[in-house]
file data13.cif (mmCIF, C-alpha atoms)
data_query
#
loop_
_atom_site.group_PDB
_atom_site.id
_atom_site.type_symbol
_atom_site.label_atom_id
_atom_site.label_comp_id
_atom_site.auth_asym_id
_atom_site.auth_seq_id
_atom_site.Cartn_x
_atom_site.Cartn_y
_atom_site.Cartn_z
ATOM 1 C CA MET A 1217 30.130 168.457 103.274
ATOM 2 C CA LYS A 1218 33.051 169.579 105.443
ATOM 3 C CA THR A 1219 31.821 172.240 107.850
ATOM 4 C CA GLY A 1220 34.614 172.766 110.385
ATOM 5 C CA THR A 1221 35.945 176.195 111.197
ATOM 6 C CA ALA A 1222 38.941 177.767 112.820
ATOM 7 C CA THR A 1223 37.971 179.819 115.858
ATOM 8 C CA LYS A 1224 40.131 182.954 115.555
ATOM 9 C CA LEU A 1225 42.695 184.625 113.317
ATOM 10 C CA TRP A 1226 45.173 187.302 114.332
ATOM 11 C CA ALA A 1227 47.077 189.517 111.856
ATOM 12 C CA LEU A 1228 50.422 189.993 113.611
ATOM 13 C CA ASP A 1229 52.784 192.890 113.087
ATOM 14 C CA GLY A 1230 56.196 192.459 111.483
ATOM 15 C CA ALA A 1231 58.982 194.221 109.637
ATOM 16 C CA LYS A 1232 58.352 196.869 106.989
ATOM 17 C CA PHE A 1233 60.132 197.281 103.637
ATOM 18 C CA THR A 1234 60.365 200.174 101.195
ATOM 19 C CA LEU A 1235 61.023 198.886 97.678
ATOM 20 C CA ASP A 1236 60.743 199.695 93.992
ATOM 21 C CA ARG A 1237 57.250 198.604 92.992
ATOM 22 C CA GLY A 1238 58.677 197.220 89.750
ATOM 23 C CA LEU A 1239 60.342 194.448 91.762
ATOM 24 C CA LEU A 1240 56.936 193.194 92.890
ATOM 25 C CA VAL A 1241 54.768 193.333 89.794
ATOM 26 C CA VAL A 1242 55.331 193.567 86.046
ATOM 27 C CA GLY A 1243 54.909 197.205 85.007
ATOM 28 C CA GLY A 1244 55.075 198.601 88.550
ATOM 29 C CA THR A 1245 56.601 202.051 89.061
ATOM 30 C CA GLY A 1246 57.593 204.172 92.038
ATOM 31 C CA GLN A 1247 58.335 203.278 95.633
ATOM 32 C CA ILE A 1248 56.095 201.149 97.830
ATOM 33 C CA HIS A 1249 56.060 200.758 101.611
ATOM 34 C CA LEU A 1250 54.853 197.305 102.596
ATOM 35 C CA PRO A 1251 54.348 195.132 105.682
ATOM 36 C CA VAL A 1252 55.929 191.745 106.308
ATOM 37 C CA PRO A 1253 53.324 190.230 108.635
ATOM 38 C CA THR A 1254 52.533 186.777 109.949
ATOM 39 C CA TYR A 1255 49.120 185.316 110.741
ATOM 40 C CA LEU A 1256 48.088 183.179 113.702
ATOM 41 C CA ILE A 1257 45.107 180.841 113.405
ATOM 42 C CA GLN A 1258 43.432 179.119 116.353
ATOM 43 C CA HIS A 1259 41.733 175.797 115.641
ATOM 44 C CA PRO A 1260 40.318 173.240 118.101
ATOM 45 C CA ARG A 1261 43.120 170.849 117.109
ATOM 46 C CA GLY A 1262 46.041 173.262 117.191
ATOM 47 C CA LEU A 1263 47.540 176.739 116.943
ATOM 48 C CA VAL A 1264 48.714 177.431 113.399
ATOM 49 C CA LEU A 1265 51.219 180.077 112.309
ATOM 50 C CA PHE A 1266 51.198 181.221 108.680
ATOM 51 C CA ASP A 1267 54.755 182.326 107.798
ATOM 52 C CA THR A 1268 57.418 183.468 110.260
ATOM 53 C CA GLY A 1269 58.720 186.825 109.011
ATOM 54 C CA LEU A 1270 62.325 187.974 109.267
ATOM 55 C CA ALA A 1271 65.063 186.323 111.311
ATOM 56 C CA PRO A 1272 64.906 187.675 114.883
ATOM 57 C CA GLU A 1273 68.654 188.345 114.914
ATOM 58 C CA SER A 1274 68.295 190.801 112.035
ATOM 59 C CA VAL A 1275 66.822 193.338 114.463
ATOM 60 C CA GLU A 1276 70.299 193.846 115.918
ATOM 61 C CA ASP A 1277 72.417 192.933 112.894
ATOM 62 C CA PRO A 1278 70.600 193.288 109.561
ATOM 63 C CA HIS A 1279 73.820 193.318 107.520
ATOM 64 C CA GLY A 1280 75.241 190.305 109.309
ATOM 65 C CA THR A 1281 72.005 188.446 108.610
ATOM 66 C CA TYR A 1282 71.154 189.548 105.073
ATOM 67 C CA GLY A 1283 74.375 191.037 103.741
ATOM 68 C CA GLU A 1284 74.136 193.725 101.045
ATOM 69 C CA LEU A 1285 70.433 192.958 100.575
ATOM 70 C CA ALA A 1286 69.799 194.808 103.843
ATOM 71 C CA ASP A 1287 70.882 198.048 102.157
ATOM 72 C CA HIS A 1288 68.085 197.778 99.586
ATOM 73 C CA LEU A 1289 65.089 196.900 101.751
ATOM 74 C CA GLY A 1290 64.430 200.232 103.435
ATOM 75 C CA LEU A 1291 64.128 198.045 106.505
ATOM 76 C CA ASP A 1292 62.097 198.999 109.568
ATOM 77 C CA PHE A 1293 62.355 196.138 112.068
ATOM 78 C CA THR A 1294 62.360 196.501 115.850
ATOM 79 C CA SER A 1295 62.457 193.902 118.606
ATOM 80 C CA ASP A 1296 58.720 194.168 119.293
ATOM 81 C CA MET A 1297 58.055 193.129 115.670
ATOM 82 C CA ARG A 1298 59.828 189.763 116.035
ATOM 83 C CA VAL A 1299 57.436 186.863 115.574
ATOM 84 C CA ASP A 1300 58.087 185.485 119.065
ATOM 85 C CA GLN A 1301 57.321 188.884 120.603
ATOM 86 C CA GLN A 1302 54.200 189.282 118.498
ATOM 87 C CA LEU A 1303 52.851 185.975 119.778
ATOM 88 C CA GLY A 1304 53.127 187.370 123.272
ATOM 89 C CA THR A 1305 50.908 190.330 122.391
ATOM 90 C CA VAL A 1306 47.992 187.916 121.849
ATOM 91 C CA GLY A 1307 48.753 185.693 124.826
ATOM 92 C CA PHE A 1308 50.841 182.877 123.351
ATOM 93 C CA THR A 1309 54.424 181.634 123.352
ATOM 94 C CA PRO A 1310 56.324 179.847 120.559
ATOM 95 C CA ASP A 1311 55.802 176.558 122.406
ATOM 96 C CA ASP A 1312 52.042 176.955 121.944
ATOM 97 C CA VAL A 1313 52.364 176.844 118.140
ATOM 98 C CA THR A 1314 51.658 173.319 116.881
ATOM 99 C CA HIS A 1315 51.707 173.862 113.105
ATOM 100 C CA VAL A 1316 53.696 176.253 110.892
ATOM 101 C CA ILE A 1317 52.715 176.883 107.276
ATOM 102 C CA ILE A 1318 55.519 178.351 105.158
ATOM 103 C CA SER A 1319 53.887 179.891 102.093
ATOM 104 C CA HIS A 1320 57.206 179.692 100.237
ATOM 105 C CA ALA A 1321 60.919 179.729 101.032
ATOM 106 C CA HIS A 1322 61.810 183.409 100.563
ATOM 107 C CA PHE A 1323 63.770 185.006 103.406
ATOM 108 C CA ASP A 1324 60.946 187.269 104.619
ATOM 109 C CA HIS A 1325 58.776 184.219 105.276
ATOM 110 C CA THR A 1326 61.329 181.767 106.696
ATOM 111 C CA GLY A 1327 63.347 183.909 109.134
ATOM 112 C CA GLY A 1328 61.590 182.885 112.344
ATOM 113 C CA MET A 1329 61.280 179.146 111.672
ATOM 114 C CA LYS A 1330 63.900 178.186 114.232
ATOM 115 C CA VAL A 1331 61.731 179.716 116.968
ATOM 116 C CA PHE A 1332 59.313 176.763 116.597
ATOM 117 C CA PRO A 1333 61.390 173.554 116.814
ATOM 118 C CA ASN A 1334 58.491 171.465 118.161
ATOM 119 C CA ALA A 1335 55.892 172.350 115.522
ATOM 120 C CA ARG A 1336 54.883 170.454 112.388
ATOM 121 C CA PHE A 1337 56.057 172.332 109.287
ATOM 122 C CA TYR A 1338 54.261 172.483 105.933
ATOM 123 C CA ILE A 1339 55.748 173.814 102.685
ATOM 124 C CA GLY A 1340 55.424 173.106 98.986
ATOM 125 C CA ALA A 1341 57.871 170.252 98.431
ATOM 126 C CA GLN A 1342 59.710 171.818 95.503
ATOM 127 C CA ASP A 1343 60.639 174.925 97.456
ATOM 128 C CA LEU A 1344 63.116 173.143 99.710
ATOM 129 C CA PRO A 1345 65.596 172.127 96.970
ATOM 130 C CA TYR A 1346 64.866 175.282 94.968
ATOM 131 C CA ALA A 1347 65.980 177.432 97.906
ATOM 132 C CA TYR A 1348 69.470 175.952 97.503
ATOM 133 C CA TRP A 1349 69.561 176.009 93.679
ATOM 134 C CA PRO A 1350 67.312 178.855 92.517
ATOM 135 C CA MET A 1351 67.450 180.614 89.188
ATOM 136 C CA PRO A 1352 70.014 183.434 89.335
ATOM 137 C CA ALA A 1353 67.408 186.199 89.153
ATOM 138 C CA ALA A 1354 65.710 184.833 92.279
ATOM 139 C CA SER A 1355 68.739 183.830 94.366
ATOM 140 C CA VAL A 1356 68.766 187.039 96.408
ATOM 141 C CA PHE A 1357 65.385 186.124 97.924
ATOM 142 C CA PHE A 1358 66.573 182.960 99.665
ATOM 143 C CA ARG A 1359 68.492 182.557 102.926
ATOM 144 C CA THR A 1360 69.451 178.914 103.296
ATOM 145 C CA ALA A 1361 70.685 179.497 106.854
ATOM 146 C CA ASP A 1362 67.005 179.683 107.857
ATOM 147 C CA ILE A 1363 66.410 176.186 106.472
ATOM 148 C CA ASP A 1364 69.674 174.765 107.775
ATOM 149 C CA ALA A 1365 68.584 175.752 111.291
ATOM 150 C CA VAL A 1366 65.438 173.601 111.086
ATOM 151 C CA ARG A 1367 66.560 170.542 109.168
ATOM 152 C CA ASP A 1368 65.529 168.310 112.072
ATOM 153 C CA VAL A 1369 62.000 169.639 112.614
ATOM 154 C CA ASP A 1370 58.910 167.659 111.650
ATOM 155 C CA TRP A 1371 58.683 168.587 107.962
ATOM 156 C CA HIS A 1372 55.648 167.768 105.805
ATOM 157 C CA PRO A 1373 56.497 168.735 102.197
ATOM 158 C CA LEU A 1374 53.345 169.093 100.096
ATOM 159 C CA THR A 1375 52.890 167.709 96.590
ATOM 160 C CA GLY A 1376 49.282 168.921 96.351
ATOM 161 C CA ASP A 1377 46.618 170.785 98.279
ATOM 162 C CA LEU A 1378 46.110 169.835 101.926
ATOM 163 C CA ASP A 1379 43.078 170.176 104.173
ATOM 164 C CA LEU A 1380 45.156 170.612 107.327
ATOM 165 C CA PHE A 1381 42.689 169.149 109.830
ATOM 166 C CA GLY A 1382 40.363 167.330 107.429
ATOM 167 C CA ASP A 1383 37.388 169.564 108.194
ATOM 168 C CA GLY A 1384 37.757 172.305 105.582
ATOM 169 C CA ALA A 1385 38.747 174.946 108.136
ATOM 170 C CA ILE A 1386 42.348 175.497 106.984
ATOM 171 C CA GLN A 1387 43.164 174.514 103.412
ATOM 172 C CA ILE A 1388 46.708 174.887 102.076
ATOM 173 C CA LEU A 1389 46.609 175.365 98.307
ATOM 174 C CA LEU A 1390 49.586 174.521 96.127
ATOM 175 C CA LEU A 1391 49.873 177.473 93.726
ATOM 176 C CA PRO A 1392 53.238 177.275 91.945
ATOM 177 C CA GLY A 1393 54.664 180.110 89.934
ATOM 178 C CA HIS A 1394 56.156 182.661 92.293
ATOM 179 C CA THR A 1395 58.290 179.745 93.453
ATOM 180 C CA PRO A 1396 57.837 176.099 92.408
ATOM 181 C CA GLY A 1397 56.276 175.217 95.771
ATOM 182 C CA ASN A 1398 54.370 178.439 96.448
ATOM 183 C CA THR A 1399 51.136 178.150 98.452
ATOM 184 C CA SER A 1400 48.225 180.230 99.718
ATOM 185 C CA THR A 1401 45.898 179.255 102.564
ATOM 186 C CA LEU A 1402 42.106 179.423 102.795
ATOM 187 C CA VAL A 1403 40.844 179.927 106.349
ATOM 188 C CA ARG A 1404 37.197 179.393 107.226
ATOM 189 C CA LEU A 1405 36.049 181.144 110.401
ATOM 190 C CA PRO A 1406 32.621 181.113 112.102
ATOM 191 C CA ASN A 1407 31.512 184.394 110.512
ATOM 192 C CA GLN A 1408 33.703 184.774 107.431
ATOM 193 C CA SER A 1409 36.362 183.160 105.277
ATOM 194 C CA VAL A 1410 39.667 184.645 104.153
ATOM 195 C CA MET A 1411 42.309 183.717 101.615
ATOM 196 C CA LEU A 1412 45.819 184.416 102.890
ATOM 197 C CA THR A 1413 47.729 184.898 99.656
ATOM 198 C CA GLY A 1414 51.316 184.571 100.811
ATOM 199 C CA ASP A 1415 53.140 185.892 97.741
ATOM 200 C CA THR A 1416 50.847 184.480 95.065
ATOM 201 C CA VAL A 1417 50.271 188.206 94.546
ATOM 202 C CA HIS A 1418 52.049 191.170 96.165
ATOM 203 C CA VAL A 1419 49.974 194.216 95.242
ATOM 204 C CA PRO A 1420 46.320 194.913 94.300
ATOM 205 C CA GLU A 1421 46.967 195.434 90.578
ATOM 206 C CA ALA A 1422 48.539 191.975 90.391
ATOM 207 C CA LEU A 1423 45.333 190.517 91.794
ATOM 208 C CA GLU A 1424 43.063 192.582 89.564
ATOM 209 C CA ASN A 1425 44.968 191.963 86.327
ATOM 210 C CA ASP A 1426 46.633 188.554 86.920
ATOM 211 C CA LEU A 1427 50.122 190.074 86.804
ATOM 212 C CA PRO A 1428 53.225 188.117 87.866
ATOM 213 C CA MET A 1429 56.374 189.304 89.631
ATOM 214 C CA PRO A 1430 59.342 189.824 87.260
ATOM 215 C CA SER A 1431 61.529 187.282 89.074
ATOM 216 C CA ASP A 1432 58.859 184.578 89.400
ATOM 217 C CA TYR A 1433 59.982 180.988 88.866
ATOM 218 C CA SER A 1434 57.383 180.555 86.102
ATOM 219 C CA THR A 1435 55.371 183.417 84.642
ATOM 220 C CA LEU A 1436 52.814 181.062 83.115
ATOM 221 C CA ASP A 1437 52.325 179.080 86.320
ATOM 222 C CA ALA A 1438 52.151 182.299 88.336
ATOM 223 C CA VAL A 1439 49.312 183.657 86.207
ATOM 224 C CA HIS A 1440 47.442 180.339 86.305
ATOM 225 C CA SER A 1441 47.835 180.228 90.094
ATOM 226 C CA ILE A 1442 46.524 183.779 90.576
ATOM 227 C CA ARG A 1443 43.440 182.833 88.573
ATOM 228 C CA ARG A 1444 42.971 179.570 90.473
ATOM 229 C CA MET A 1445 43.329 181.338 93.831
ATOM 230 C CA LYS A 1446 40.653 183.853 92.849
ATOM 231 C CA GLN A 1447 38.335 181.087 91.647
ATOM 232 C CA ILE A 1448 38.650 179.202 94.938
ATOM 233 C CA ALA A 1449 38.162 182.372 96.969
ATOM 234 C CA HIS A 1450 35.022 183.154 94.979
ATOM 235 C CA ALA A 1451 33.666 179.628 95.450
ATOM 236 C CA HIS A 1452 34.045 179.973 99.232
ATOM 237 C CA ASP A 1453 32.956 183.631 99.379
ATOM 238 C CA ALA A 1454 36.347 184.341 100.951
ATOM 239 C CA GLU A 1455 37.945 187.768 101.199
ATOM 240 C CA ILE A 1456 41.403 187.805 99.620
ATOM 241 C CA ILE A 1457 44.043 189.256 101.930
ATOM 242 C CA ILE A 1458 47.216 190.295 100.092
ATOM 243 C CA GLN A 1459 49.963 189.606 102.578
ATOM 244 C CA HIS A 1460 52.199 192.558 101.694
ATOM 245 C CA ASP A 1461 49.418 195.147 101.310
ATOM 246 C CA PHE A 1462 48.823 197.563 104.192
ATOM 247 C CA ASP A 1463 45.124 198.035 103.452
ATOM 248 C CA ASP A 1464 44.446 194.291 103.449
ATOM 249 C CA TRP A 1465 46.579 193.680 106.537
ATOM 250 C CA ASN A 1466 44.692 196.404 108.403
ATOM 251 C CA LYS A 1467 41.361 194.815 107.475
ATOM 252 C CA LEU A 1468 42.304 191.966 109.802
ATOM 253 C CA ARG A 1469 44.456 193.816 112.309
ATOM 254 C CA THR A 1470 42.714 195.282 115.344
ATOM 255 C CA ILE A 1471 45.035 195.800 118.295
ATOM 256 C CA GLY A 1472 44.290 193.285 121.038
ATOM 257 C CA GLU A 1473 41.463 191.569 119.137
ATOM 258 C CA ALA A 1474 41.029 188.783 116.645
ATOM 259 C CA ILE A 1475 38.514 188.095 113.896
ATOM 260 C CA SER A 1476 36.303 185.061 114.220
#
call {"tool": "encode", "arguments": {"input": "data13.cif", "output": "structure tokens"}}
result
Amino acid sequence: MKTGTATKLWALDGAKFTLDRGLLVVGGTGQIHLPVPTYLIQHPRGLVLFDTGLAPESVEDPHGTYGELADHLGLDFTSDMRVDQQLGTVGFTPDDVTHVIISHAHFDHTGGMKVFPNARFYIGAQDLPYAYWPMPAASVFFRTADIDAVRDVDWHPLTGDLDLFGDGAIQILLLPGHTPGNTSTLVRLPNQSVMLTGDTVHVPEALENDLPMPSDYSTLDAVHSIRRMKQIAHAHDAEIIIQHDFDDWNKLRTIGEAIS
């Protein structure tokens, strides 16, 4: 039985969006204010970053970075929310990060990748080509400039689940549907386990009722992946942390401290 654990997990701050809830879940109505965080995981064999948030340059020039999309995000993004600055708040620099997990290739998860040129990168293999040739309904969510900037990093495209360090502590789960290479990550800590959803779900009702996002790559795969993620979380007695939900983010976020 694999019994390794990560030692700490930090829920880092990031940009905030205000969007139509119907963009995030089938049947959603009204406006929703949501966080765009990243998560830092300390393991005896490395420092692992889960997602990278928005491009740092979009603090100063959101329209130059994201074009007309910037007008529809209700964007709140200041320099202290940049992923490199957030690392500093918990005592690290980008050079300390050894592994970067990209849950999927949407722009709010890939923007800071170029800050970590010396890390090993993990992503569902099908997301890399799909970012360049997505379905029309999903094209607005990709920014290929983020990927172009890191073509020469140490990429490890995933064609299945991966136990990152072989000890069960950090398990990347291939959960296609939102995108063809979408993933979530199970993190086992000394005193608890958590499932970092990425965008397998966006809001609590999607988790409760197995509801997809309207622009998902595959509705059927998305629903199957939500169910599989919940089954795995249950098997490991892991708390599911919805990445874009303020309540879940705040469960893990204590200023200046980490969970372990």
call {"tool": "atom_distance", "arguments": {"input": "data13.cif", "atom1": "CA of Asp1343 in chain A", "atom2": "CA of His1320 in chain A"}}
result
6.5 Å
call {"tool": "atom_distance", "arguments": {"input": "data13.cif", "atom1": "CA of Arg1359 in chain A", "atom2": "CA of Gly1244 in chain A"}}
result
25.4 Å
call {"tool": "closest_residue", "arguments": {"input": "data13.cif", "among": "A:His1315, A:His1460, A:Thr1294, A:Pro1352", "to": "Leu1235 in chain A", "atoms": "all atoms listed in the file"}}
result
A:His1460
call {"tool": "closest_residue", "arguments": {"input": "data13.cif", "among": "A:His1322, A:Arg1404, A:His1452, A:His1394", "to": "Thr1221 in chain A", "atoms": "all atoms listed in the file"}}
result
A:Arg1404
call {"tool": "resolve_selection", "arguments": {"input": "data13.cif", "expression": "the PyMOL selection byres ((chain A and resi 1434-1437) around 9)", "output": "list in words"}}
result
Leu1391, Pro1392, Gly1393, His1394, Thr1395, Pro1396, Leu1427, Pro1428, Met1429, Pro1430, Ser1431, Asp1432, Tyr1433, Ala1438, Val1439, His1440, Ser1441 and Ile1442 of chain A
call {"tool": "resolve_selection", "arguments": {"input": "data13.cif", "expression": "the PyMOL selection byres ((chain A and resi 1462) around 10)", "output": "list of chain:residue names"}}
result
A:Lys1232, A:His1249, A:Leu1250, A:Pro1251, A:Val1252, A:Pro1253, A:Val1419, A:Ile1457, A:Ile1458, A:Gln1459, A:His1460, A:Asp1461, A:Asp1463, A:Asp1464, A:Trp1465, A:Asn1466, A:Lys1467, A:Arg1469
call {"tool": "atom_distance", "arguments": {"input": "data13.cif", "atom1": "CA of Leu1263 in chain A", "atom2": "CA of Asp1312 in chain A"}}
result
6.7 Å
call {"tool": "resolve_selection", "arguments": {"input": "data13.cif", "expression": "the PyMOL selection byres ((chain A and resi 1447-1449) around 12)", "output": "ChimeraX atom specification"}}
result
/A:1387-1391,1400-1404,1408-1413,1423,1440-1446,1450-1457
call {"tool": "write_last_selection", "arguments": {"input": "data13.cif", "atoms": "C-alpha atoms", "output": "compact mmCIF listing (two decimals), keeping the file's coordinate frame"}}
result
# COMPACT_ATOMS: atom_id res chain seq x y z
CA GLN A 1387 43.16 174.51 103.41
CA ILE A 1388 46.71 174.89 102.08
CA LEU A 1389 46.61 175.36 98.31
CA LEU A 1390 49.59 174.52 96.13
CA LEU A 1391 49.87 177.47 93.73
CA SER A 1400 48.22 180.23 99.72
CA THR A 1401 45.90 179.26 102.56
CA LEU A 1402 42.11 179.42 102.80
CA VAL A 1403 40.84 179.93 106.35
CA ARG A 1404 37.20 179.39 107.23
CA GLN A 1408 33.70 184.77 107.43
CA SER A 1409 36.36 183.16 105.28
CA VAL A 1410 39.67 184.64 104.15
CA MET A 1411 42.31 183.72 101.62
CA LEU A 1412 45.82 184.42 102.89
CA THR A 1413 47.73 184.90 99.66
CA LEU A 1423 45.33 190.52 91.79
CA HIS A 1440 47.44 180.34 86.30
CA SER A 1441 47.84 180.23 90.09
CA ILE A 1442 46.52 183.78 90.58
CA ARG A 1443 43.44 182.83 88.57
CA ARG A 1444 42.97 179.57 90.47
CA MET A 1445 43.33 181.34 93.83
CA LYS A 1446 40.65 183.85 92.85
CA HIS A 1450 35.02 183.15 94.98
CA ALA A 1451 33.67 179.63 95.45
CA HIS A 1452 34.04 179.97 99.23
CA ASP A 1453 32.96 183.63 99.38
CA ALA A 1454 36.35 184.34 100.95
CA GLU A 1455 37.94 187.77 101.20
CA ILE A 1456 41.40 187.80 99.62
CA ILE A 1457 44.04 189.26 101.93
call {"tool": "residues_around", "arguments": {"input": "data13.cif", "residues": "Ala1335 in chain A", "least_positions_apart": "2", "cutoff": "7 Å", "atoms": "only C-alpha atoms", "output": "JSON, numbers by chain"}}
result
{"A": [1313, 1314, 1315, 1316, 1332, 1333, 1337, 1370]}
call {"tool": "write_last_selection", "arguments": {"input": "data13.cif", "atoms": "C-alpha atoms", "output": "short mmCIF file (atom, residue, chain, number, x, y, z; two decimals), in the frame of the given file"}}
result
data_model
loop_
_atom_site.label_atom_id
_atom_site.label_comp_id
_atom_site.auth_asym_id
_atom_site.auth_seq_id
_atom_site.Cartn_x
_atom_site.Cartn_y
_atom_site.Cartn_z
CA VAL A 1313 52.36 176.84 118.14
CA THR A 1314 51.66 173.32 116.88
CA HIS A 1315 51.71 173.86 113.10
CA VAL A 1316 53.70 176.25 110.89
CA PHE A 1332 59.31 176.76 116.60
CA PRO A 1333 61.39 173.55 116.81
CA PHE A 1337 56.06 172.33 109.29
CA ASP A 1370 58.91 167.66 111.65
#
call {"tool": "closest_residue", "arguments": {"input": "data13.cif", "among": "A:Asn1425, A:Thr1268, A:Gln1247, A:Thr1234", "to": "Met1329 in chain A", "atoms": "only C-alpha atoms"}}
result
A:Thr1268
call {"tool": "axis_aligned_box", "arguments": {"input": "data13.cif", "around": "range 1269-1283 of chain A", "padding_each_side": "3 Å", "output": "JSON"}}
result
{"center_x": 67.0, "center_y": 190.1, "center_z": 109.8, "size_x": 22.5, "size_y": 13.5, "size_z": 18.2}
call {"tool": "closest_residue", "arguments": {"input": "data13.cif", "among": "A:Gly1230, A:Gly1243, A:Gly1262, A:Gly1340", "to": "Asp1300 in chain A", "atoms": "all atoms listed in the file"}}
result
A:Gly1230
call {"tool": "residues_around", "arguments": {"input": "data13.cif", "residues": "Ile1475 in chain A", "least_positions_apart": "5", "cutoff": "7 Å", "atoms": "only C-alpha atoms", "output": "PyMOL selection string"}}
result
chain A and resi 1224-1226+1468
call {"tool": "closest_residue", "arguments": {"input": "data13.cif", "among": "A:Ile1386, A:Leu1378, A:Tyr1255, A:Asp1292", "to": "Glu1276 in chain A", "atoms": "only C-alpha atoms"}}
result
A:Asp1292
call {"tool": "closest_residue", "arguments": {"input": "data13.cif", "among": "A:Val1306, A:Leu1291, A:Leu1240, A:Ile1317", "to": "Leu1374 in chain A", "atoms": "all atoms listed in the file"}}
result
A:Ile1317
call {"tool": "decode", "arguments": {"input": "data13.cif", "residues": "range 1296-1314 of chain A", "atoms": "N, CA and C atoms", "output": "PDB file, in the first residue's frame"}}
result
ATOM      1  N   ASP A1296      -0.039  42.181  -6.802  1.00  0.00           N
ATOM      2  CA  ASP A1296       0.211  41.263  -5.684  1.00  0.00           C
ATOM      3  C   ASP A1296      -0.470  39.915  -5.873  1.00  0.00           C
ATOM      4  N   MET A1297      -1.404  39.823  -6.843  1.00  0.00           N
ATOM      5  CA  MET A1297      -2.086  38.562  -7.125  1.00  0.00           C
ATOM      6  C   MET A1297      -1.360  37.701  -8.154  1.00  0.00           C
ATOM      7  N   ARG A1298      -0.327  38.243  -8.799  1.00  0.00           N
ATOM      8  CA  ARG A1298       0.440  37.458  -9.772  1.00  0.00           C
ATOM      9  C   ARG A1298       1.021  36.220  -9.100  1.00  0.00           C
ATOM     10  N   VAL A1299       1.122  35.132  -9.835  1.00  0.00           N
ATOM     11  CA  VAL A1299       1.569  33.884  -9.225  1.00  0.00           C
ATOM     12  C   VAL A1299       2.992  33.993  -8.672  1.00  0.00           C
ATOM     13  N   ASP A1300       3.874  34.735  -9.339  1.00  0.00           N
ATOM     14  CA  ASP A1300       5.226  34.869  -8.816  1.00  0.00           C
ATOM     15  C   ASP A1300       5.238  35.647  -7.502  1.00  0.00           C
ATOM     16  N   GLN A1301       4.379  36.665  -7.388  1.00  0.00           N
ATOM     17  CA  GLN A1301       4.290  37.425  -6.152  1.00  0.00           C
ATOM     18  C   GLN A1301       3.650  36.596  -5.036  1.00  0.00           C
ATOM     19  N   GLN A1302       2.683  35.792  -5.378  1.00  0.00           N
ATOM     20  CA  GLN A1302       2.043  34.949  -4.376  1.00  0.00           C
ATOM     21  C   GLN A1302       3.004  33.922  -3.792  1.00  0.00           C
ATOM     22  N   LEU A1303       3.891  33.400  -4.615  1.00  0.00           N
ATOM     23  CA  LEU A1303       4.906  32.476  -4.090  1.00  0.00           C
ATOM     24  C   LEU A1303       5.736  33.148  -3.009  1.00  0.00           C
ATOM     25  N   GLY A1304       6.055  34.407  -3.220  1.00  0.00           N
ATOM     26  CA  GLY A1304       6.842  35.137  -2.245  1.00  0.00           C
ATOM     27  C   GLY A1304       6.151  35.281  -0.904  1.00  0.00           C
ATOM     28  N   THR A1305       4.821  35.318  -0.896  1.00  0.00           N
ATOM     29  CA  THR A1305       4.106  35.476   0.374  1.00  0.00           C
ATOM     30  C   THR A1305       4.246  34.251   1.270  1.00  0.00           C
ATOM     31  N   VAL A1306       4.616  33.100   0.699  1.00  0.00           N
ATOM     32  CA  VAL A1306       4.817  31.894   1.507  1.00  0.00           C
ATOM     33  C   VAL A1306       6.279  31.452   1.509  1.00  0.00           C
ATOM     34  N   GLY A1307       7.163  32.370   1.087  1.00  0.00           N
ATOM     35  CA  GLY A1307       8.594  32.138   1.262  1.00  0.00           C
ATOM     36  C   GLY A1307       9.316  31.449   0.129  1.00  0.00           C
ATOM     37  N   PHE A1308       8.739  31.454  -1.084  1.00  0.00           N
ATOM     38  CA  PHE A1308       9.373  30.777  -2.202  1.00  0.00           C
ATOM     39  C   PHE A1308       9.530  31.723  -3.390  1.00  0.00           C
ATOM     40  N   THR A1309      10.363  31.310  -4.335  1.00  0.00           N
ATOM     41  CA  THR A1309      10.527  32.012  -5.597  1.00  0.00           C
ATOM     42  C   THR A1309      10.146  31.052  -6.722  1.00  0.00           C
ATOM     43  N   PRO A1310       9.921  31.559  -7.942  1.00  0.00           N
ATOM     44  CA  PRO A1310       9.624  30.659  -9.055  1.00  0.00           C
ATOM     45  C   PRO A1310      10.693  29.597  -9.277  1.00  0.00           C
ATOM     46  N   ASP A1311      11.947  29.909  -8.991  1.00  0.00           N
ATOM     47  CA  ASP A1311      13.014  28.930  -9.186  1.00  0.00           C
ATOM     48  C   ASP A1311      12.902  27.749  -8.228  1.00  0.00           C
ATOM     49  N   ASP A1312      12.160  27.911  -7.146  1.00  0.00           N
ATOM     50  CA  ASP A1312      11.991  26.811  -6.191  1.00  0.00           C
ATOM     51  C   ASP A1312      10.985  25.776  -6.682  1.00  0.00           C
ATOM     52  N   VAL A1313      10.138  26.142  -7.635  1.00  0.00           N
ATOM     53  CA  VAL A1313       9.099  25.235  -8.126  1.00  0.00           C
ATOM     54  C   VAL A1313       9.724  24.212  -9.065  1.00  0.00           C
ATOM     55  N   THR A1314       9.554  22.941  -8.746  1.00  0.00           N
ATOM     56  CA  THR A1314      10.166  21.861  -9.536  1.00  0.00           C
ATOM     57  C   THR A1314       9.187  21.196 -10.490  1.00  0.00           C
TER      58      THR A1314
END
